[in-house]
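Have a look at query14.tsv below; it lists TSV, C-alpha atoms.
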```
chain	number	residue	atom	x	y	z
N	1	MET	CA	1.21	213.11	26.99
N	2	ARG	CA	3.94	211.02	25.37
N	3	ALA	CA	2.78	207.61	24.30
N	4	ILE	CA	4.45	204.80	26.22
N	5	ASP	CA	6.42	202.39	24.06
N	6	ARG	CA	5.21	198.83	24.49
N	7	LEU	CA	6.64	195.58	23.25
N	8	ASP	CA	4.24	193.60	21.09
N	9	PRO	CA	4.32	189.99	22.41
N	10	SER	CA	2.02	188.64	19.71
N	11	PRO	CA	3.42	186.14	17.18
N	12	ARG	CA	4.89	187.58	14.00
N	13	PHE	CA	2.77	185.24	11.87
N	14	THR	CA	-0.19	182.93	12.49
N	15	GLU	CA	-1.25	179.69	10.84
N	16	SER	CA	-3.85	181.57	8.83
N	17	GLY	CA	-1.10	183.91	7.63
N	18	ALA	CA	0.96	180.93	6.48
N	19	ILE	CA	-2.06	179.56	4.64
N	20	ASP	CA	-2.54	182.89	2.87
N	21	LEU	CA	1.11	182.98	1.79
N	22	ASN	CA	0.91	179.42	0.46
N	23	ARG	CA	-2.07	180.41	-1.64
N	24	GLN	CA	-0.57	183.69	-2.80
N	25	TYR	CA	2.74	182.21	-3.99
N	26	ARG	CA	1.44	178.78	-5.06
N	27	ALA	CA	1.66	179.43	-8.80
N	28	MET	CA	5.08	181.07	-8.73
N	29	GLU	CA	8.29	179.35	-9.77
N	30	THR	CA	10.96	179.27	-7.07
N	31	GLU	CA	13.07	182.07	-8.54
N	32	GLU	CA	10.03	184.33	-8.94
N	33	MET	CA	8.89	183.59	-5.40
N	34	LEU	CA	12.26	184.46	-3.87
N	35	GLN	CA	12.42	187.71	-5.82
N	36	ALA	CA	8.90	188.65	-4.74
N	37	LEU	CA	9.51	187.82	-1.09
N	38	LEU	CA	12.51	190.12	-0.92
N	39	GLU	CA	10.80	192.92	-2.83
N	40	ASP	CA	7.33	192.95	-1.24
N	41	GLY	CA	8.48	192.41	2.35
N	42	LYS	CA	5.47	190.25	3.24
N	43	ALA	CA	7.68	187.79	5.13
N	44	GLY	CA	9.55	190.53	6.98
N	45	ARG	CA	13.25	190.13	7.72
N	46	ILE	CA	14.48	186.85	6.25
N	47	ALA	CA	17.68	184.84	6.77
N	48	LEU	CA	18.86	181.70	5.01
N	49	VAL	CA	19.95	178.94	7.38
N	50	SER	CA	22.39	176.72	5.48
N	51	SER	CA	24.27	173.57	6.46
N	52	PHE	CA	26.50	173.83	3.36
N	53	GLY	CA	25.62	170.21	2.83
N	54	ALA	CA	25.08	167.95	-0.15
N	55	GLU	CA	22.51	170.10	-1.98
N	56	SER	CA	22.97	173.49	-0.30
N	57	ALA	CA	24.61	175.11	-3.30
N	58	VAL	CA	21.28	175.27	-5.18
N	59	LEU	CA	19.43	177.49	-2.70
N	60	LEU	CA	22.56	179.53	-2.01
N	61	HIS	CA	22.95	180.18	-5.75
N	62	LEU	CA	19.27	181.13	-6.12
N	63	VAL	CA	19.54	183.62	-3.26
N	64	ALA	CA	22.83	185.05	-4.53
N	65	GLN	CA	21.14	185.91	-7.82
N	66	VAL	CA	18.54	187.95	-5.96
N	67	ASP	CA	20.72	189.58	-3.28
N	68	PRO	CA	24.39	188.67	-2.62
N	69	GLY	CA	24.12	190.46	0.73
N	70	PHE	CA	21.33	188.19	1.96
N	71	PRO	CA	22.10	186.95	5.52
N	72	VAL	CA	23.37	183.36	5.47
N	73	LEU	CA	23.51	181.68	8.88
N	74	PHE	CA	25.84	178.69	9.40
N	75	LEU	CA	25.91	176.70	12.62
N	76	GLU	CA	29.58	176.17	13.39
N	77	THR	CA	29.09	173.32	15.83
N	78	GLY	CA	32.75	172.41	16.19
N	79	LYS	CA	31.88	168.92	14.92
N	80	HIS	CA	31.73	169.41	11.16
N	81	PHE	CA	33.72	167.45	8.60
N	82	PRO	CA	36.75	169.47	7.46
N	83	GLU	CA	35.36	169.01	3.94
N	84	THR	CA	32.19	170.88	4.93
N	85	LEU	CA	34.11	173.89	6.23
N	86	ALA	CA	36.21	174.00	3.07
N	87	TYR	CA	33.07	173.68	0.95
N	88	ARG	CA	31.44	176.55	2.85
N	89	ASP	CA	34.39	178.81	2.08
N	90	LEU	CA	34.47	177.73	-1.57
N	91	LEU	CA	30.76	178.42	-2.12
N	92	ILE	CA	30.82	181.79	-0.38
N	93	GLU	CA	33.64	182.94	-2.63
N	94	ARG	CA	32.30	181.32	-5.82
N	95	LEU	CA	28.77	182.73	-5.39
N	96	GLY	CA	29.84	186.15	-4.18
N	97	LEU	CA	27.82	185.99	-0.96
N	98	THR	CA	28.86	188.81	1.35
N	99	ASN	CA	26.91	188.27	4.58
N	100	LEU	CA	27.91	184.91	6.05
N	101	VAL	CA	27.29	184.67	9.80
N	102	ASN	CA	28.95	181.77	11.63
N	103	LEU	CA	26.99	180.86	14.76
N	104	HIS	CA	28.93	179.23	17.61
N	105	PRO	CA	27.68	177.48	20.74
N	106	ASP	CA	28.07	179.31	24.04
N	107	PRO	CA	31.50	178.37	25.48
N	108	GLU	CA	30.18	178.38	29.06
N	109	GLU	CA	27.33	176.03	28.14
N	110	ILE	CA	29.74	173.69	26.37
N	111	ALA	CA	32.09	173.70	29.36
N	112	ALA	CA	29.24	172.95	31.74
N	113	ARG	CA	27.38	170.32	29.72
N	114	ASP	CA	29.82	168.86	27.18
N	115	GLU	CA	33.28	169.32	28.61
N	116	THR	CA	34.62	166.16	26.94
N	117	GLY	CA	32.98	166.90	23.59
N	118	LEU	CA	31.42	163.42	23.60
N	119	ARG	CA	27.80	164.25	24.41
N	120	TRP	CA	26.86	163.24	20.85
N	121	SER	CA	27.75	159.63	21.71
N	122	TYR	CA	25.23	159.21	24.53
N	123	ASP	CA	22.80	162.15	24.15
N	124	PRO	CA	22.59	163.35	20.54
N	125	ASP	CA	19.50	165.44	21.27
N	126	GLY	CA	21.36	167.27	24.03
N	127	CYS	CA	24.37	167.79	21.77
N	128	CYS	CA	22.19	169.28	19.03
N	129	GLU	CA	20.45	171.47	21.60
N	130	LEU	CA	23.76	172.95	22.73
N	131	ARG	CA	25.45	173.26	19.38
N	132	LYS	CA	22.56	174.01	17.00
N	133	VAL	CA	19.20	174.83	18.55
N	134	ARG	CA	20.30	177.40	21.13
N	135	PRO	CA	22.80	179.31	18.95
N	136	LEU	CA	20.23	179.54	16.16
N	137	ALA	CA	17.47	180.67	18.53
N	138	ARG	CA	19.68	183.53	19.72
N	139	ALA	CA	20.49	184.59	16.18
N	140	LEU	CA	16.90	184.42	14.94
N	141	ALA	CA	15.66	186.94	17.50
N	142	GLY	CA	16.32	189.59	14.86
N	143	PHE	CA	14.47	187.86	12.01
N	144	ASP	CA	10.86	187.18	11.06
N	145	ALA	CA	11.42	184.22	8.73
N	146	THR	CA	14.02	181.71	7.60
N	147	LEU	CA	14.67	179.99	4.31
N	148	THR	CA	15.41	176.27	4.56
N	149	GLY	CA	16.71	173.79	2.01
N	150	ARG	CA	14.28	171.01	2.93
N	151	LYS	CA	12.86	168.94	0.07
N	152	ALA	CA	9.97	166.46	0.10
N	153	PHE	CA	11.95	163.60	-1.45
N	154	GLN	CA	14.61	163.60	1.31
N	155	SER	CA	12.57	161.65	3.86
N	156	ALA	CA	9.09	160.56	4.82
N	157	THR	CA	8.94	163.20	7.58
N	158	ARG	CA	9.37	165.95	4.97
N	159	ALA	CA	7.07	164.54	2.30
N	160	ASN	CA	4.06	166.76	3.00
N	161	LEU	CA	5.60	170.04	4.07
N	162	PRO	CA	4.27	173.24	2.46
N	163	ARG	CA	6.28	176.18	1.17
N	164	PHE	CA	5.28	178.32	4.15
N	165	GLU	CA	4.82	177.07	7.70
N	166	ILE	CA	5.06	178.40	11.24
N	167	ASP	CA	8.29	177.71	13.11
N	168	SER	CA	7.13	175.71	16.12
N	169	SER	CA	10.41	175.93	18.04
N	170	ASP	CA	9.15	178.84	20.16
N	171	ALA	CA	6.24	181.25	20.48
N	172	ALA	CA	7.71	183.95	18.23
N	173	GLY	CA	5.60	182.88	15.26
N	174	ARG	CA	8.38	183.10	12.70
N	175	LEU	CA	7.88	181.67	9.25
N	176	LYS	CA	9.80	178.78	7.81
N	177	ILE	CA	9.97	179.04	4.05
N	178	ASN	CA	10.84	175.94	2.03
N	179	PRO	CA	11.52	177.19	-1.54
N	180	LEU	CA	12.75	173.81	-2.79
N	181	ILE	CA	10.15	171.60	-1.13
N	182	ASP	CA	8.73	170.47	-4.51
N	183	TRP	CA	12.10	169.97	-6.23
N	184	ASP	CA	13.03	166.36	-6.91
N	185	ALA	CA	16.51	164.86	-7.11
N	186	GLU	CA	16.60	165.13	-10.90
N	187	ARG	CA	15.82	168.84	-10.82
N	188	ILE	CA	18.49	169.42	-8.18
N	189	GLN	CA	21.05	167.58	-10.30
N	190	ALA	CA	20.05	169.51	-13.43
N	191	TYR	CA	20.48	172.82	-11.60
N	192	PHE	CA	23.97	171.83	-10.44
N	193	GLU	CA	24.91	171.00	-14.03
N	194	GLN	CA	23.26	174.03	-15.62
N	195	HIS	CA	25.08	176.46	-13.33
N	196	GLU	CA	28.27	174.41	-12.96
N	197	LEU	CA	28.01	174.40	-9.19
N	198	PRO	CA	30.64	172.47	-7.23
N	199	ARG	CA	29.42	169.45	-5.29
N	200	HIS	CA	30.23	168.71	-1.68
N	201	PRO	CA	33.27	166.40	-1.82
N	202	LEU	CA	31.63	163.82	0.46
N	203	VAL	CA	28.69	163.18	-1.89
N	204	GLU	CA	30.65	160.94	-4.23
N	205	ARG	CA	31.93	159.03	-1.19
N	206	GLY	CA	28.42	157.87	-0.22
N	207	PHE	CA	27.09	160.74	1.90
N	208	PRO	CA	23.88	162.12	0.31
N	209	SER	CA	22.99	163.99	3.52
N	210	ILE	CA	25.77	165.60	5.54
N	211	GLY	CA	25.70	166.90	9.09
N	212	CYS	CA	28.22	166.78	11.92
N	213	GLU	CA	30.97	164.20	11.43
N	214	PRO	CA	30.30	161.92	14.45
N	215	CYS	CA	26.59	161.54	13.59
N	216	THR	CA	26.78	161.17	9.79
N	217	HIS	CA	27.29	157.81	8.06
N	218	LYS	CA	27.34	156.54	4.50
N	219	VAL	CA	24.08	155.52	2.86
N	220	ALA	CA	23.61	152.42	0.73
N	221	PRO	CA	22.10	152.80	-2.76
N	222	GLY	CA	18.30	152.96	-2.61
N	223	GLU	CA	18.15	153.93	1.06
N	224	ASP	CA	16.47	157.09	2.35
N	225	PRO	CA	19.00	159.90	1.71
N	226	ARG	CA	18.83	160.91	5.38
N	227	SER	CA	19.12	157.39	6.79
N	228	GLY	CA	22.79	157.96	7.52
N	229	ARG	CA	22.03	160.71	10.02
N	230	TRP	CA	22.11	159.61	13.69
N	231	LYS	CA	22.29	155.98	12.59
N	232	GLY	CA	21.17	153.67	15.36
N	233	TRP	CA	19.19	156.36	17.16
N	234	ASP	CA	15.46	157.11	17.11
N	235	LYS	CA	16.24	160.56	15.76
N	236	VAL	CA	15.61	162.08	12.33
N	237	GLU	CA	16.04	165.83	12.89
N	238	CYS	CA	18.48	167.94	14.89
N	239	GLY	CA	15.82	169.99	16.66
N	240	ILE	CA	15.90	173.00	14.35
N	241	HIS	CA	13.22	171.19	12.35
N	242	LYS	CA	10.76	168.89	14.02
N	243	PRO	CA	9.86	165.46	12.60
N	244	GLY	CA	6.34	165.16	11.30
N	245	GLU	CA	5.65	168.89	11.12
N	246	GLU	CA	2.31	169.06	9.42
N	247	PRO	CA	1.28	171.43	6.64
N	248	PHE	CA	-1.57	173.87	6.98
N	249	LEU	CA	-2.99	173.11	3.54
```
What does this structure look like when you write it as structure tokens?
Amino acid sequence: MRAIDRLDPSPRFTESGAIDLNRQYRAMETEEMLQALLEDGKAGRIALVSSFGAESAVLLHLVAQVDPGFPVLFLETGKHFPETLAYRDLLIERLGLTNLVNLHPDPEEIAARDETGLRWSYDPDGCCELRKVRPLARALAGFDATLTGRKAFQSATRANLPRFEIDSSDAAGRLKINPLIDWDAERIQAYFEQHELPRHPLVERGFPSIGCEPCTHKVAPGEDPRSGRWKGWDKVECGIHKPGEEPFL
């Protein structure tokens, strides 16, 4: 008799699997780790989720050296600074990346829940849900892991994150991989200079962390680099990443 095809509902990865990967790749430099991940397939199908923000060029450049056709997912929320969209196009061309995927919110959901486009002003969590979380969730159905650009020095909520963790946004058990988590600001700056990477034009105007235009403000010298995001709200992440996610090691 023909075997019946069945969907496997089990998570792609477990916490113990993330622990094993942290141990296995602990001694590797970032470039070596990225190369190994793409060659050995232990993380499955991987996509890079990029905001094309203040420091995004570093991870994009690292990935481009390994595979220019690597999937790069960009959340086109409809609320970005014009400078961010221009920077995205510049980096894609400069780095030779060939697989940019722009993710848009569902027009029917926007019409039903944010017809005026002002939801950010009274419900930033709901705005992020519509314009970031849901579009990304739909796109990630075809992937087992994502690369993020998070770094420990950016904020207290990111200080203890590991390289490999389980994405807690749903029950799929995807991996989140943080290749730059142990890079400090000086190393980021040195990489920009070494490879002559262009900076986001808003950085020199006082924006060390850049998201959607209505919810991004300038940061005073010495302040947390992400303190300009959702200023005045009890909110530190858009929902793609969760504040206080704890490491497994």
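Excluding Ala152 of chain N and any residue on its chain fewer than 6 positions from it, the residues at most 10 Å away by all atoms listed in the file are Arg158, Ala159, Asn160, Leu161, Pro162, Asn178, Leu180, Ile181, Asp182, Trp183, Asp184 and Ala185 of chain N.
Comparing the minimum interatomic distances between Thr14 of chain N and each of N:Leu136, N:Ala220, N:Ala43, N:Ala112, counting all atoms listed in the file, we find that N:Ala43 sits nearest.
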With a cut-off of 9 Å, could you pull out the residues of segment 60-179 of chain N touching segment 194-199 of chain N and give me the nearest pair of atoms for each, distance in Å to one decimal, using only C-alpha atoms, ordered by chain and ascending number, as CSV?
```
residue,atom,partner,partner_atom,distance
N:His61,CA,N:Leu197,CA,8.4
N:Tyr87,CA,N:Arg199,CA,8.4
N:Leu90,CA,N:Pro198,CA,8.6
N:Leu91,CA,N:Pro198,CA,7.8
N:Arg94,CA,N:Leu197,CA,8.8
```
Mind giving me the axis-aligned box for segment 170-179 of chain N with 3 Å on every side, centre plus edges in Å to one decimal, as lines of an AutoDock Vina configuration file?
```
center_x = 8.6
center_y = 179.9
center_z = 9.5
size_x = 11.9
size_y = 14.0
size_z = 28.0
```
- Task: Tell me which protein, DNA and RNA residues are within 12 Å of segment 210-212 of chain N, counting only C-alpha atoms, leaving out same-chain ones fewer than 6 positions away, and put them as a PyMOL selection string.
- Result: chain N and resi 50-56+74-85+87+120+124+127-128+131-132+200-204+218-219+225-231+236-238
- Message: Within 12 Å of (13.7, 191.2, -0.5) (file coordinates; only C-alpha atoms), which protein or nucleic acid residues are there? I'd like them as a VMD selection string.
- Response: chain N and resid 32 to 47 63 to 71 145
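Our summary of the geometry notes that atom CA of Asp144 of chain N is positioned 16.1 Å from atom CA of Pro179 of chain N.
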Only C-alpha atoms, as a PDB file, in the first residue's frame: that is what I want for segment 39-78 of chain N.
```pdb
ATOM      1  CA  GLU N  39      27.598  24.767   3.698  1.00  0.00           C
ATOM      2  CA  ASP N  40      26.607  22.204   6.338  1.00  0.00           C
ATOM      3  CA  GLY N  41      22.871  22.940   6.284  1.00  0.00           C
ATOM      4  CA  LYS N  42      22.457  22.361  10.022  1.00  0.00           C
ATOM      5  CA  ALA N  43      20.200  25.418  10.336  1.00  0.00           C
ATOM      6  CA  GLY N  44      18.098  24.464   7.323  1.00  0.00           C
ATOM      7  CA  ARG N  45      16.762  27.167   5.022  1.00  0.00           C
ATOM      8  CA  ILE N  46      17.969  30.561   6.233  1.00  0.00           C
ATOM      9  CA  ALA N  47      16.907  34.121   5.370  1.00  0.00           C
ATOM     10  CA  LEU N  48      18.413  37.423   6.488  1.00  0.00           C
ATOM     11  CA  VAL N  49      15.865  39.878   7.865  1.00  0.00           C
ATOM     12  CA  SER N  50      17.310  43.372   7.428  1.00  0.00           C
ATOM     13  CA  SER N  51      15.999  46.810   8.353  1.00  0.00           C
ATOM     14  CA  PHE N  52      18.699  48.506   6.227  1.00  0.00           C
ATOM     15  CA  GLY N  53      19.315  50.606   9.291  1.00  0.00           C
ATOM     16  CA  ALA N  54      22.323  52.239  10.901  1.00  0.00           C
ATOM     17  CA  GLU N  55      24.573  49.157  11.066  1.00  0.00           C
ATOM     18  CA  SER N  56      22.877  46.803   8.595  1.00  0.00           C
ATOM     19  CA  ALA N  57      25.591  47.104   5.964  1.00  0.00           C
ATOM     20  CA  VAL N  58      27.988  44.960   8.035  1.00  0.00           C
ATOM     21  CA  LEU N  59      25.879  41.795   8.116  1.00  0.00           C
ATOM     22  CA  LEU N  60      24.709  42.351   4.541  1.00  0.00           C
ATOM     23  CA  HIS N  61      28.337  42.595   3.402  1.00  0.00           C
ATOM     24  CA  LEU N  62      29.321  39.462   5.349  1.00  0.00           C
ATOM     25  CA  VAL N  63      26.478  37.489   3.761  1.00  0.00           C
ATOM     26  CA  ALA N  64      27.216  38.830   0.282  1.00  0.00           C
ATOM     27  CA  GLN N  65      30.752  37.460   0.537  1.00  0.00           C
ATOM     28  CA  VAL N  66      29.368  33.987   1.206  1.00  0.00           C
ATOM     29  CA  ASP N  67      26.380  33.962  -1.182  1.00  0.00           C
ATOM     30  CA  PRO N  68      25.122  37.025  -3.115  1.00  0.00           C
ATOM     31  CA  GLY N  69      21.880  35.138  -3.782  1.00  0.00           C
ATOM     32  CA  PHE N  70      21.098  34.745  -0.083  1.00  0.00           C
ATOM     33  CA  PRO N  71      17.442  35.733   0.612  1.00  0.00           C
ATOM     34  CA  VAL N  72      17.243  39.209   2.164  1.00  0.00           C
ATOM     35  CA  LEU N  73      13.831  40.113   3.591  1.00  0.00           C
ATOM     36  CA  PHE N  74      12.902  43.789   4.032  1.00  0.00           C
ATOM     37  CA  LEU N  75       9.690  44.894   5.706  1.00  0.00           C
ATOM     38  CA  GLU N  76       8.326  47.675   3.515  1.00  0.00           C
ATOM     39  CA  THR N  77       5.961  49.110   6.104  1.00  0.00           C
ATOM     40  CA  GLY N  78       5.002  52.209   4.143  1.00  0.00           C
TER      41      GLY N  78
END
```
